[in-house]
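Peer 1: CSV, C-alpha atoms, file target.csv:
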```
chain,number,residue,atom,x,y,z
X,1,MET,CA,0.0,0.0,0.0
X,2,SER,CA,1.3,3.4,-0.9
X,3,GLU,CA,2.5,5.7,1.8
X,4,ASN,CA,1.5,8.8,-0.2
X,5,THR,CA,-1.2,10.9,1.2
X,6,THR,CA,-2.9,14.0,-0.3
X,7,THR,CA,-4.4,17.1,1.1
X,8,ALA,CA,-7.8,18.0,-0.5
X,9,LEU,CA,-7.6,21.3,-2.3
X,10,ASP,CA,-10.5,23.7,-3.0
X,11,LEU,CA,-10.6,23.4,-6.8
X,12,ASP,CA,-12.6,26.5,-7.2
X,13,GLU,CA,-10.1,28.6,-5.2
X,14,LEU,CA,-7.3,27.2,-7.4
X,15,ARG,CA,-9.3,28.0,-10.5
X,16,ALA,CA,-9.7,31.6,-9.3
X,17,ILE,CA,-5.9,31.9,-8.7
X,18,VAL,CA,-5.1,30.5,-12.1
X,19,ALA,CA,-7.7,32.7,-13.8
X,20,ASP,CA,-6.4,35.8,-12.0
X,21,ALA,CA,-2.9,35.1,-13.1
X,22,LEU,CA,-4.0,34.6,-16.6
X,23,GLU,CA,-6.4,37.6,-16.7
X,24,LEU,CA,-9.2,35.3,-17.7
X,25,PRO,CA,-12.8,34.8,-16.4
X,26,LYS,CA,-12.9,31.8,-14.1
X,27,GLU,CA,-15.4,30.1,-16.3
X,28,GLU,CA,-12.8,29.8,-19.1
X,29,VAL,CA,-10.4,27.9,-16.8
X,30,THR,CA,-12.2,24.6,-17.0
X,31,ASP,CA,-10.9,21.5,-15.4
X,32,GLU,CA,-9.5,20.1,-18.6
X,33,ALA,CA,-8.8,23.3,-20.6
X,34,HIS,CA,-5.3,22.9,-22.1
X,35,PHE,CA,-3.1,25.8,-20.9
X,36,ALA,CA,-1.2,26.3,-24.2
X,37,ASN,CA,-3.7,25.2,-26.7
X,38,ASP,CA,-7.0,26.5,-25.2
X,39,LEU,CA,-5.8,29.3,-22.9
X,40,GLN,CA,-2.8,30.5,-24.9
X,41,VAL,CA,-0.5,30.4,-21.8
X,42,ASP,CA,3.1,31.2,-22.6
X,43,SER,CA,6.2,30.7,-20.5
X,44,LEU,CA,5.8,34.1,-18.8
X,45,MET,CA,2.2,33.5,-17.9
X,46,ALA,CA,3.2,30.0,-16.6
X,47,LEU,CA,5.7,31.7,-14.3
X,48,GLU,CA,3.0,34.1,-13.1
X,49,ILE,CA,0.9,31.1,-12.1
X,50,VAL,CA,3.8,29.6,-10.2
X,51,VAL,CA,4.4,32.7,-8.2
X,52,HIS,CA,0.7,32.9,-7.3
X,53,LEU,CA,0.7,29.3,-6.2
X,54,GLU,CA,3.8,29.6,-4.2
X,55,LYS,CA,2.5,32.7,-2.4
X,56,ARG,CA,-1.0,31.2,-1.7
X,57,TYR,CA,0.1,27.7,-0.6
X,58,GLY,CA,3.6,28.3,0.8
X,59,ILE,CA,5.1,25.7,-1.6
X,60,LYS,CA,8.0,25.8,-4.0
X,61,VAL,CA,7.4,24.8,-7.6
X,62,ALA,CA,10.3,24.3,-10.0
X,63,GLU,CA,9.9,25.7,-13.5
X,64,SER,CA,10.6,22.2,-14.8
X,65,GLU,CA,7.7,20.7,-12.7
X,66,PHE,CA,5.2,23.2,-14.0
X,67,LYS,CA,6.3,22.6,-17.6
X,68,GLU,CA,4.9,19.1,-17.3
X,69,LEU,CA,1.4,20.4,-16.4
X,70,SER,CA,-1.2,21.4,-18.9
X,71,THR,CA,-4.5,21.5,-17.1
X,72,LEU,CA,-6.0,22.8,-13.9
X,73,LEU,CA,-6.6,19.3,-12.6
X,74,GLN,CA,-2.9,18.5,-13.1
X,75,VAL,CA,-2.0,21.6,-11.2
X,76,ARG,CA,-4.3,20.5,-8.4
X,77,GLY,CA,-2.5,17.2,-8.3
X,78,LEU,CA,0.9,18.8,-8.1
X,79,VAL,CA,-0.1,21.3,-5.3
X,80,GLU,CA,-1.8,18.6,-3.3
X,81,SER,CA,1.3,16.4,-3.5
X,82,LYS,CA,3.5,19.3,-2.5
X,83,LEU,CA,1.2,20.1,0.5
X,84,ALA,CA,1.2,16.4,1.5
X,85,GLY,CA,4.9,16.1,1.1
X,86,GLY,CA,5.7,19.3,3.0
X,87,LYS,CA,7.8,20.6,0.1
D,1,MET,CA,16.0,72.3,-39.0
D,2,ILE,CA,14.6,68.8,-39.0
D,3,SER,CA,10.9,68.8,-38.6
D,4,LEU,CA,8.1,66.2,-37.8
D,5,ASP,CA,4.5,66.2,-38.9
D,6,VAL,CA,2.2,65.2,-36.1
D,7,LEU,CA,-0.7,63.0,-37.4
D,8,GLY,CA,-2.3,61.7,-34.2
D,9,LEU,CA,-2.4,62.6,-30.5
D,10,GLY,CA,-3.4,60.6,-27.5
D,11,VAL,CA,-3.3,61.3,-23.8
D,12,VAL,CA,-3.8,59.4,-20.5
D,13,LEU,CA,-3.8,62.2,-17.9
D,14,PRO,CA,-5.7,62.6,-14.7
D,15,GLY,CA,-8.5,65.2,-15.3
D,16,ALA,CA,-7.9,65.5,-19.1
D,17,ASP,CA,-9.7,63.1,-21.5
D,18,LYS,CA,-8.5,64.7,-24.7
D,19,PRO,CA,-5.3,66.4,-25.9
D,20,ALA,CA,-6.8,69.8,-26.0
D,21,ASP,CA,-7.2,69.6,-22.2
D,22,ALA,CA,-3.7,68.3,-21.6
D,23,ARG,CA,-2.4,71.5,-19.9
D,24,THR,CA,-5.0,71.4,-17.1
D,25,VAL,CA,-4.6,68.1,-15.4
D,26,THR,CA,-5.5,67.2,-11.8
D,27,ALA,CA,-2.5,67.8,-9.6
D,28,ALA,CA,-3.4,65.2,-7.0
D,29,PRO,CA,-5.4,62.5,-8.8
D,30,ALA,CA,-7.7,60.3,-6.9
D,31,PRO,CA,-6.8,56.6,-6.6
D,32,GLY,CA,-8.4,54.7,-9.5
D,33,TRP,CA,-8.4,57.6,-11.9
D,34,PHE,CA,-7.1,55.2,-14.6
D,35,ASP,CA,-9.0,52.0,-15.2
D,36,VAL,CA,-6.8,49.6,-17.1
D,37,VAL,CA,-9.6,47.2,-17.9
D,38,THR,CA,-11.5,49.9,-19.7
D,39,ALA,CA,-8.5,51.5,-21.3
D,40,LEU,CA,-6.8,48.4,-22.5
D,41,THR,CA,-9.2,45.7,-23.5
D,42,GLY,CA,-7.7,42.2,-23.9
D,43,ARG,CA,-5.3,40.1,-21.8
D,44,GLY,CA,-1.8,40.8,-20.6
D,45,TYR,CA,-2.2,44.4,-19.4
D,46,ARG,CA,-3.4,44.3,-15.8
D,47,ARG,CA,-0.1,43.5,-14.2
D,48,LEU,CA,2.1,45.7,-16.3
D,49,PRO,CA,3.7,48.7,-14.5
D,50,THR,CA,1.2,51.6,-14.5
D,51,ALA,CA,3.4,53.8,-16.5
D,52,CYS,CA,3.5,51.1,-19.2
D,53,GLN,CA,-0.3,50.9,-19.1
D,54,TYR,CA,-0.5,54.7,-19.5
D,55,LEU,CA,1.8,54.6,-22.5
D,56,LEU,CA,0.0,51.8,-24.2
D,57,ALA,CA,-3.4,53.4,-23.7
D,58,ALA,CA,-2.2,56.8,-24.9
D,59,THR,CA,-0.7,55.2,-28.0
D,60,ARG,CA,-3.8,53.4,-28.8
D,61,SER,CA,-5.7,56.7,-28.7
D,62,ALA,CA,-3.1,58.4,-30.8
D,63,LEU,CA,-3.1,55.7,-33.5
D,64,ASP,CA,-6.9,55.8,-33.6
D,65,ASP,CA,-6.7,59.5,-34.0
D,66,ALA,CA,-4.1,59.2,-36.8
D,67,GLY,CA,-6.5,57.0,-38.9
D,68,ASP,CA,-5.4,54.3,-41.3
D,69,ALA,CA,-2.1,55.6,-42.6
D,70,PRO,CA,0.2,54.1,-39.8
D,71,ASP,CA,-1.3,50.7,-40.3
D,72,ALA,CA,-0.3,50.7,-44.0
D,73,VAL,CA,3.4,51.2,-43.1
D,74,PRO,CA,5.4,47.9,-42.9
D,75,ALA,CA,6.7,46.8,-39.5
D,76,GLU,CA,10.3,47.4,-40.5
D,77,ARG,CA,9.5,51.0,-41.4
D,78,ARG,CA,7.9,51.8,-38.0
D,79,GLY,CA,9.8,53.4,-35.1
D,80,VAL,CA,9.2,54.1,-31.4
D,81,VAL,CA,10.9,56.7,-29.2
D,82,VAL,CA,9.8,57.1,-25.6
D,83,GLY,CA,11.0,59.6,-23.0
D,84,THR,CA,10.7,59.0,-19.3
D,85,ASN,CA,12.4,59.9,-16.0
D,86,ASN,CA,10.4,58.1,-13.3
D,87,ALA,CA,8.3,55.4,-15.0
D,88,GLY,CA,10.0,52.7,-13.0
D,89,MET,CA,10.7,54.4,-9.6
D,90,ALA,CA,7.6,53.2,-7.8
D,91,LEU,CA,8.0,49.7,-9.3
D,92,MET,CA,11.6,49.4,-8.2
D,93,GLU,CA,10.7,50.5,-4.7
D,94,GLU,CA,8.0,47.7,-4.7
D,95,GLN,CA,10.5,45.2,-6.0
D,96,ASP,CA,13.1,46.2,-3.3
D,97,ARG,CA,10.4,45.7,-0.7
D,98,SER,CA,9.4,42.3,-2.0
D,99,ILE,CA,13.1,41.2,-2.1
D,100,LEU,CA,13.7,42.3,1.5
D,101,GLU,CA,10.4,40.9,2.9
D,102,GLU,CA,9.8,37.8,0.9
D,103,GLY,CA,12.8,37.2,-1.4
D,104,ALA,CA,13.4,37.7,-5.1
D,105,ASP,CA,11.0,34.8,-6.0
D,106,ALA,CA,8.1,37.0,-4.9
D,107,ILE,CA,8.6,39.5,-7.7
D,108,THR,CA,5.9,39.0,-10.2
D,109,PRO,CA,7.5,37.8,-13.5
D,110,ILE,CA,5.6,40.1,-15.7
D,111,THR,CA,6.9,43.2,-14.0
D,112,ALA,CA,10.5,41.9,-13.3
D,113,PRO,CA,12.1,43.2,-16.5
D,114,TYR,CA,10.9,46.7,-16.0
D,115,PHE,CA,13.7,47.7,-13.7
D,116,ALA,CA,15.3,48.5,-17.1
D,117,MET,CA,13.8,51.8,-18.4
D,118,SER,CA,14.0,50.6,-22.0
D,119,LEU,CA,11.3,48.0,-21.4
D,120,PHE,CA,8.5,50.6,-21.6
D,121,ALA,CA,9.3,51.5,-25.2
D,122,SER,CA,10.1,47.8,-26.0
D,123,ARG,CA,6.7,46.7,-24.8
D,124,LEU,CA,5.1,49.4,-26.9
D,125,ALA,CA,7.1,48.2,-29.9
D,126,VAL,CA,5.9,44.6,-29.4
D,127,GLU,CA,2.3,45.8,-29.0
D,128,HIS,CA,2.3,47.5,-32.4
D,129,THR,CA,4.7,45.3,-34.3
D,130,VAL,CA,7.4,47.9,-34.6
D,131,HIS,CA,10.6,46.5,-36.2
D,132,GLY,CA,12.3,49.6,-37.4
D,133,PHE,CA,13.9,51.0,-34.2
D,134,THR,CA,13.1,51.4,-30.5
D,135,LEU,CA,14.7,54.1,-28.4
D,136,THR,CA,14.4,55.4,-24.9
D,137,THR,CA,15.5,58.9,-23.7
D,138,ASN,CA,15.9,59.7,-20.0
D,139,SER,CA,17.4,63.2,-19.6
D,140,PRO,CA,15.8,65.0,-16.7
D,141,ARG,CA,12.7,66.9,-17.8
D,142,THR,CA,13.8,67.2,-21.4
D,143,ALA,CA,13.4,63.5,-22.2
D,144,GLY,CA,10.1,63.9,-24.0
D,145,PHE,CA,11.5,66.7,-26.2
D,146,ASP,CA,14.7,64.6,-26.7
D,147,ALA,CA,12.5,61.8,-27.9
D,148,LEU,CA,10.9,64.0,-30.5
D,149,GLN,CA,14.3,65.2,-31.6
D,150,ALA,CA,15.8,61.7,-31.9
D,151,GLY,CA,12.7,60.6,-33.8
D,152,ALA,CA,12.9,63.5,-36.2
D,153,ARG,CA,16.6,62.8,-36.9
D,154,ALA,CA,15.8,59.1,-37.5
D,155,LEU,CA,13.0,59.9,-39.9
D,156,ALA,CA,15.1,62.5,-41.7
D,157,ARG,CA,17.8,59.8,-42.3
D,158,GLY,CA,15.1,57.5,-43.7
D,159,ARG,CA,15.1,54.9,-41.0
D,160,ALA,CA,11.4,54.8,-40.8
D,161,ASP,CA,8.2,56.2,-42.3
D,162,VAL,CA,6.1,56.5,-39.2
D,163,LEU,CA,7.0,57.0,-35.6
D,164,VAL,CA,5.3,56.9,-32.3
D,165,VAL,CA,6.8,59.3,-29.8
D,166,GLY,CA,5.7,58.9,-26.2
D,167,ALA,CA,6.3,60.3,-22.8
D,168,THR,CA,5.2,58.4,-19.7
D,169,GLU,CA,5.7,58.9,-16.0
D,170,ASP,CA,4.5,57.3,-12.8
D,171,GLU,CA,4.0,59.3,-9.6
D,172,LEU,CA,7.3,59.4,-7.6
D,173,PRO,CA,7.0,57.5,-4.3
D,174,ARG,CA,7.4,59.4,-1.1
D,175,PRO,CA,9.8,60.6,0.3
D,176,GLU,CA,11.6,61.0,-3.0
D,177,PRO,CA,12.4,64.7,-3.7
D,178,GLY,CA,9.7,66.2,-5.9
D,179,ALA,CA,7.2,63.5,-5.1
D,180,ASP,CA,4.5,66.0,-4.4
D,181,GLY,CA,3.1,67.2,-7.7
D,182,SER,CA,5.3,64.8,-9.7
D,183,ASP,CA,4.2,64.0,-13.3
D,184,ILE,CA,1.8,61.1,-13.8
D,185,GLY,CA,0.3,59.8,-17.0
D,186,ALA,CA,1.3,59.6,-20.6
D,187,VAL,CA,1.1,61.3,-24.0
D,188,ALA,CA,1.7,59.9,-27.4
D,189,LEU,CA,2.2,61.4,-30.8
D,190,VAL,CA,2.1,59.6,-34.2
D,191,CYS,CA,4.6,61.4,-36.4
D,192,ALA,CA,5.8,61.3,-40.0
D,193,PRO,CA,8.6,63.1,-41.8
D,194,SER,CA,7.8,66.7,-42.8
D,195,ALA,CA,8.1,67.5,-46.5
D,196,GLU,CA,9.6,70.9,-47.2
D,197,GLY,CA,6.9,73.5,-48.1
D,198,ILE,CA,4.1,70.9,-48.1
D,199,ASN,CA,1.4,70.9,-45.5
D,200,ASN,CA,0.1,67.4,-44.7
D,201,PRO,CA,-3.7,67.9,-44.7
D,202,SER,CA,-4.2,65.3,-42.0
D,203,ALA,CA,-1.6,66.7,-39.6
D,204,TYR,CA,-2.1,68.9,-36.5
D,205,GLY,CA,1.1,70.7,-37.6
D,206,SER,CA,4.8,70.3,-37.4
D,207,CYS,CA,7.3,70.2,-34.5
D,208,ARG,CA,11.0,71.1,-34.3
D,209,ILE,CA,13.3,70.7,-31.3
D,210,ARG,CA,16.4,72.5,-30.3
D,211,ASN,CA,18.5,71.9,-27.3
D,212,ALA,CA,20.9,74.0,-25.2
D,213,PHE,CA,23.1,73.3,-22.2
D,214,LEU,CA,23.7,75.9,-19.5
D,215,ALA,CA,27.0,75.0,-17.9
D,216,PRO,CA,27.2,75.8,-14.2
D,217,GLY,CA,28.7,79.3,-13.7
D,218,ALA,CA,28.6,80.2,-17.4
D,219,ALA,CA,26.5,83.1,-18.8
D,220,PRO,CA,23.3,81.5,-20.1
D,221,ALA,CA,22.3,84.0,-22.7
D,222,ASP,CA,24.6,82.9,-25.4
D,223,ALA,CA,23.5,79.3,-25.5
D,224,LEU,CA,19.8,80.3,-25.3
D,225,ASP,CA,20.2,83.0,-27.9
D,226,ASP,CA,21.9,80.5,-30.3
D,227,ALA,CA,19.1,78.0,-29.8
D,228,TRP,CA,16.4,80.6,-30.2
D,229,ALA,CA,18.0,81.9,-33.4
D,230,ALA,CA,18.2,78.5,-34.9
D,231,LEU,CA,14.7,77.7,-33.9
D,232,THR,CA,13.1,80.9,-35.3
D,233,ALA,CA,15.4,81.5,-38.3
D,234,ASP,CA,13.0,80.4,-41.0
D,235,GLY,CA,9.5,81.6,-40.0
D,236,PRO,CA,7.6,84.3,-38.2
D,237,LEU,CA,8.4,84.8,-34.6
D,238,PRO,CA,6.0,83.0,-32.2
D,239,ARG,CA,3.5,85.2,-30.4
D,240,HIS,CA,3.5,83.1,-27.3
D,241,VAL,CA,5.9,81.0,-25.3
D,242,ASP,CA,4.9,78.3,-22.8
D,243,ALA,CA,7.7,77.8,-20.3
D,244,VAL,CA,7.6,74.8,-18.0
D,245,LEU,CA,10.3,75.6,-15.4
D,246,ASP,CA,11.3,74.7,-11.9
D,247,ASP,CA,13.0,77.1,-9.4
D,248,SER,CA,16.5,75.7,-10.0
D,249,ALA,CA,19.3,78.1,-11.2
D,250,THR,CA,18.7,76.8,-14.8
D,251,GLY,CA,15.0,77.4,-14.5
D,252,ARG,CA,15.5,80.9,-13.2
D,253,ALA,CA,18.1,81.7,-15.9
D,254,VAL,CA,15.6,80.7,-18.6
D,255,ALA,CA,12.8,82.7,-17.0
D,256,ASP,CA,15.0,85.8,-16.8
D,257,TRP,CA,16.1,85.3,-20.4
D,258,LEU,CA,12.5,85.0,-21.6
D,259,ALA,CA,11.6,88.2,-19.9
D,260,GLY,CA,13.6,90.0,-22.6
D,261,LYS,CA,11.7,88.3,-25.5
D,262,ALA,CA,8.9,89.8,-27.5
D,263,GLY,CA,5.5,88.3,-27.3
D,264,THR,CA,3.8,86.8,-24.2
D,265,VAL,CA,5.3,84.2,-22.0
D,266,SER,CA,3.4,82.0,-19.5
D,267,ILE,CA,5.5,80.1,-17.0
D,268,THR,CA,4.1,76.9,-15.5
D,269,PRO,CA,5.8,75.2,-12.5
D,270,ALA,CA,7.5,71.9,-13.6
D,271,GLY,CA,6.8,68.8,-11.7
D,272,ALA,CA,9.4,65.9,-11.4
D,273,GLY,CA,9.4,64.1,-14.7
D,274,CYS,CA,9.4,64.9,-18.4
D,275,LEU,CA,5.6,64.8,-19.0
D,276,SER,CA,4.6,68.4,-18.2
D,277,PRO,CA,6.4,70.0,-21.1
D,278,MET,CA,4.9,67.4,-23.4
D,279,ARG,CA,1.4,68.1,-22.1
D,280,HIS,CA,1.8,71.7,-23.1
D,281,LEU,CA,3.2,70.7,-26.5
D,282,VAL,CA,0.3,68.3,-27.1
D,283,ALA,CA,-2.4,70.9,-26.0
D,284,ARG,CA,-0.9,73.6,-28.3
D,285,LEU,CA,-0.9,71.2,-31.3
D,286,ALA,CA,-4.5,70.2,-30.5
D,287,THR,CA,-5.9,73.6,-30.1
D,288,GLY,CA,-3.7,76.0,-32.1
D,289,ASP,CA,-4.4,78.6,-29.4
D,290,ASP,CA,-2.6,82.0,-29.8
D,291,GLY,CA,-1.7,81.6,-33.4
D,292,PRO,CA,0.0,79.0,-35.6
D,293,GLU,CA,3.5,79.7,-34.4
D,294,HIS,CA,4.3,78.6,-30.9
D,295,VAL,CA,7.2,77.7,-28.6
D,296,VAL,CA,7.3,75.4,-25.6
D,297,VAL,CA,10.5,75.5,-23.5
D,298,THR,CA,11.6,73.5,-20.5
D,299,ALA,CA,14.7,73.1,-18.5
D,300,ALA,CA,16.2,71.0,-15.7
D,301,ALA,CA,18.4,71.8,-12.7
D,302,GLU,CA,21.2,69.7,-14.4
D,303,GLY,CA,21.5,72.4,-17.1
D,304,ASN,CA,19.7,70.9,-20.1
D,305,VAL,CA,17.2,73.1,-21.8
D,306,ALA,CA,14.9,72.1,-24.7
D,307,PHE,CA,12.8,74.2,-27.0
D,308,ALA,CA,10.0,72.9,-29.2
D,309,ARG,CA,8.7,75.1,-32.0
D,310,LEU,CA,5.3,74.2,-33.2
D,311,THR,CA,3.6,75.3,-36.4
D,312,THR,CA,0.0,74.3,-36.1
D,313,LEU,CA,-2.4,73.9,-39.0
D,314,PRO,CA,-6.2,73.9,-39.3
D,315,HIS,CA,-7.0,70.2,-38.9
D,316,ASN,CA,-9.9,67.8,-38.8
D,317,HIS,CA,-9.5,65.9,-35.6
D,318,PRO,CA,-12.9,66.9,-34.1
D,319,GLN,CA,-12.7,64.6,-31.1
D,320,GLN,CA,-9.5,66.2,-29.9
D,321,HIS,CA,-10.4,69.8,-29.4
D,322,GLY,CA,-13.3,72.1,-28.9
D,323,SER,CA,-14.3,74.1,-32.0
D,324,TRP,CA,-11.5,74.5,-34.5
D,325,GLN,CA,-12.0,72.2,-37.4
```
In structure tokens, what does this structure look like?
Peer 2:
Amino acid sequence: MSENTTTALDLDELRAIVADALELPKEEVTDEAHFANDLQVDSLMALEIVVHLEKRYGIKVAESEFKELSTLLQVRGLVESKLAGGK
Amino acid sequence: MISLDVLGLGVVLPGADKPADARTVTAAPAPGWFDVVTALTGRGYRRLPTACQYLLAATRSALDDAGDAPDAVPAERRGVVVGTNNAGMALMEEQDRSILEEGADAITPITAPYFAMSLFASRLAVEHTVHGFTLTTNSPRTAGFDALQAGARALARGRADVLVVGATEDELPRPEPGADGSDIGAVALVCAPSAEGINNPSAYGSCRIRNAFLAPGAAPADALDDAWAALTADGPLPRHVDAVLDDSATGRAVADWLAGKAGTVSITPAGAGCLSPMRHLVARLATGDDGPEHVVVTAAAEGNVAFARLTTLPHNHPQQHGSWQ
């Protein structure tokens, strides 16, 4: 059995954070909207999201980690694992 | 002298919603006087430094005012010159505070590059696909006039066919000297090369710049006389001079020298920044008040003096002024 645990994250709050960083209405940041293809997120905007996440959740996200993410649900997964792992 | 035709004007100024009103702005603007969401529709603007927002919005307005002609110019034939003194001061204070309190990682990535004053013009160039040249001028108080002069020289040498010249300032943070009443906002001018003896029917008029430097301890009259002679050699003398001056030794020397000139002179106190002289220049172009020939002069404590000679034309930009069309 895995030792991994996760901390439930308020998805709507996370959506608001991402939407604010991207200057988009919350409704456009759907769970599965692709950051690059659907929301036209470039590298600078991605860094903006990272800074917002780090401030809100007190975590550290490497640029290389965020590059692997392309949807809100994937971001939730990363943040939850960071919170659970205390990183 | 090298001259520019001015085809479009735009302003973002507290208390003035069109270029004709640019001389009379609100000295202490209320928070929220500028709404970026309304002024700059689209994404990617909300987190820009405010002086960059002002510049982008003023330029949009100036390009709208200039009509279709600038759009027809290829990207590699477009240029941008922006004058600023304090566009990044408040931002740099904020960045310093972030670094001290939270670390460098807390600086928002979108604003991080703007510690370099050239980024304001660069962002404008990106916005309007300007590939010809991008230049920033920073001399105290005369930077806006210097931008016009540098742009005029570039156009005269054939480096571009159309030019946006801007001046933008953010309010100086306290307790910086001059914070009270410091310049805030932006103006933008869309310019094209002047053709000798030909009046561009879509232009507000033409503009020529002449600089002087008053060395500490030297008699100022010679340098000012030389600049004035060069500026007024080929046309009727202006009936009115707008002087935007501070109470430095340079400012007082220019004021004393102007007292001996024919015509009327109005002296306006200069705030910190390069925007106030440009406000006067823009308003004169928009209104053509006091006759077609006009001079705006400004000076800084450091010794630099800049004159702008304006020759205004009857124009058809009805949204920019009261009654003259």
Peer 1: Per residue of chain X within 7 Å of chain D, record the nearest atom pair and its distance in Å to one decimal, counting all atoms listed in the file, with rows in chain order and ascending residue number, as CSV.
Peer 2:
```
residue,atom,partner,partner_atom,distance
X:Glu23,CA,D:Arg43,CA,5.8
X:Leu44,CA,D:Pro109,CA,6.7
X:Leu47,CA,D:Pro109,CA,6.4
X:Glu48,CA,D:Pro109,CA,5.8
X:Val51,CA,D:Ala106,CA,6.6
```
Peer 1: I need every residue sitting at most 12 Å from the point (10.9, 49.0, -31.8) (coordinates as in the file, only C-alpha atoms considered), written as JSON, numbers by chain.
Peer 2: {"D": [75, 76, 77, 78, 79, 80, 81, 82, 118, 119, 120, 121, 122, 123, 124, 125, 126, 127, 128, 129, 130, 131, 132, 133, 134, 135, 136, 151, 159, 160, 162, 163, 164, 165]}
Peer 1: Quote the spacing between CA of Thr312 (chain D) and CA of Ala66 (chain D) in Å to one decimal place.
Peer 2: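 Spanning CA of Thr312 (chain D) to CA of Ala66 (chain D) is a straight-line distance of 15.7 Å.
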Peer 1: Interatomic distance between CA of His317 (chain D) and CA of Leu56 (chain D)?
Peer 2: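 CA of Leu56 (chain D) lies 20.5 Å from CA of His317 (chain D).
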Peer 1: Looking at D:Val73, D:Pro236, D:Leu313, D:Met117, which one is nearest to Pro292 (chain D), with distances taken over only C-alpha atoms?
Peer 2: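 Distance minimum relative to Pro292 (chain D) lands on D:Leu313.
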Peer 1: Rounded to one decimal, what separation in Å do you get between CA of Gln149 (chain D) and CA of Ile209 (chain D)?
Peer 2: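 Computed distance, CA of Gln149 (chain D) to CA of Ile209 (chain D), equals 5.6 Å.
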Peer 1: As a PDB file with C-alpha atoms, in the coordinates of the input, please: the residues near Lys67 (chain X) (cut-off 12 Å, all atoms listed in the file, same-chain neighbours under 2 positions excluded).
Peer 2:
```pdb
ATOM      1  CA  PHE X  35      -3.100  25.800 -20.900  1.00  0.00           C
ATOM      2  CA  ALA X  36      -1.200  26.300 -24.200  1.00  0.00           C
ATOM      3  CA  VAL X  41      -0.500  30.400 -21.800  1.00  0.00           C
ATOM      4  CA  ASP X  42       3.100  31.200 -22.600  1.00  0.00           C
ATOM      5  CA  SER X  43       6.200  30.700 -20.500  1.00  0.00           C
ATOM      6  CA  LEU X  44       5.800  34.100 -18.800  1.00  0.00           C
ATOM      7  CA  MET X  45       2.200  33.500 -17.900  1.00  0.00           C
ATOM      8  CA  ALA X  46       3.200  30.000 -16.600  1.00  0.00           C
ATOM      9  CA  LEU X  47       5.700  31.700 -14.300  1.00  0.00           C
ATOM     10  CA  ILE X  49       0.900  31.100 -12.100  1.00  0.00           C
ATOM     11  CA  VAL X  50       3.800  29.600 -10.200  1.00  0.00           C
ATOM     12  CA  VAL X  61       7.400  24.800  -7.600  1.00  0.00           C
ATOM     13  CA  ALA X  62      10.300  24.300 -10.000  1.00  0.00           C
ATOM     14  CA  GLU X  63       9.900  25.700 -13.500  1.00  0.00           C
ATOM     15  CA  SER X  64      10.600  22.200 -14.800  1.00  0.00           C
ATOM     16  CA  GLU X  65       7.700  20.700 -12.700  1.00  0.00           C
ATOM     17  CA  LEU X  69       1.400  20.400 -16.400  1.00  0.00           C
ATOM     18  CA  SER X  70      -1.200  21.400 -18.900  1.00  0.00           C
ATOM     19  CA  THR X  71      -4.500  21.500 -17.100  1.00  0.00           C
ATOM     20  CA  GLN X  74      -2.900  18.500 -13.100  1.00  0.00           C
ATOM     21  CA  VAL X  75      -2.000  21.600 -11.200  1.00  0.00           C
ATOM     22  CA  LEU X  78       0.900  18.800  -8.100  1.00  0.00           C
TER      23      LEU X  78
END
```
Peer 1: How would you write as number ranges by chain the residues that get within 8 Å of (2.5, 79.0, -24.2) in the file's frame, counting only C-alpha atoms?
Peer 2: D: 240-243, 264-267, 280, 284, 294-296
Peer 1: Quick one: everything within 12 Å of Pro277 (chain D), counting all atoms listed in the file, minus sequence neighbours fewer than 2 positions away in the same chain. Send it as a ChimeraX atom specification.
Peer 2: /D:22-23,83-84,140-146,167-168,183,186-187,241-246,267-275,279-284,295-300,305-308
Peer 1: Mind checking which residues fall within 12 Å of Ile59 (chain X), counting only C-alpha atoms, ignoring those fewer than 6 positions away in the same chain, and posting them as a ChimeraX atom specification?
Peer 2: /X:50-53,78-87 /D:105
Peer 1: With N, CA and C atoms as the atom set, please write region 27-33 of chain X from the structure just given, as a compact mmCIF listing (two decimals), in the first residue's frame.
Peer 2:
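The result, stored in result_0.txt:
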```txt
# COMPACT_ATOMS: atom_id res chain seq x y z
N GLU X 27 -14.65 31.11 -15.57
CA GLU X 27 -15.39 30.11 -16.35
C GLU X 27 -14.55 29.53 -17.48
N GLU X 28 -13.60 30.31 -17.96
CA GLU X 28 -12.78 29.80 -19.08
C GLU X 28 -11.73 28.80 -18.63
N VAL X 29 -11.38 28.85 -17.34
CA VAL X 29 -10.37 27.92 -16.84
C VAL X 29 -11.10 26.66 -16.37
N THR X 30 -11.52 25.86 -17.30
CA THR X 30 -12.22 24.61 -16.95
C THR X 30 -11.22 23.58 -16.47
N ASP X 31 -11.75 22.50 -15.92
CA ASP X 31 -10.85 21.47 -15.35
C ASP X 31 -9.88 20.94 -16.39
N GLU X 32 -10.34 20.79 -17.61
CA GLU X 32 -9.53 20.12 -18.62
C GLU X 32 -9.02 21.07 -19.72
N ALA X 33 -9.29 22.37 -19.60
CA ALA X 33 -8.80 23.30 -20.63
C ALA X 33 -7.27 23.23 -20.71
```
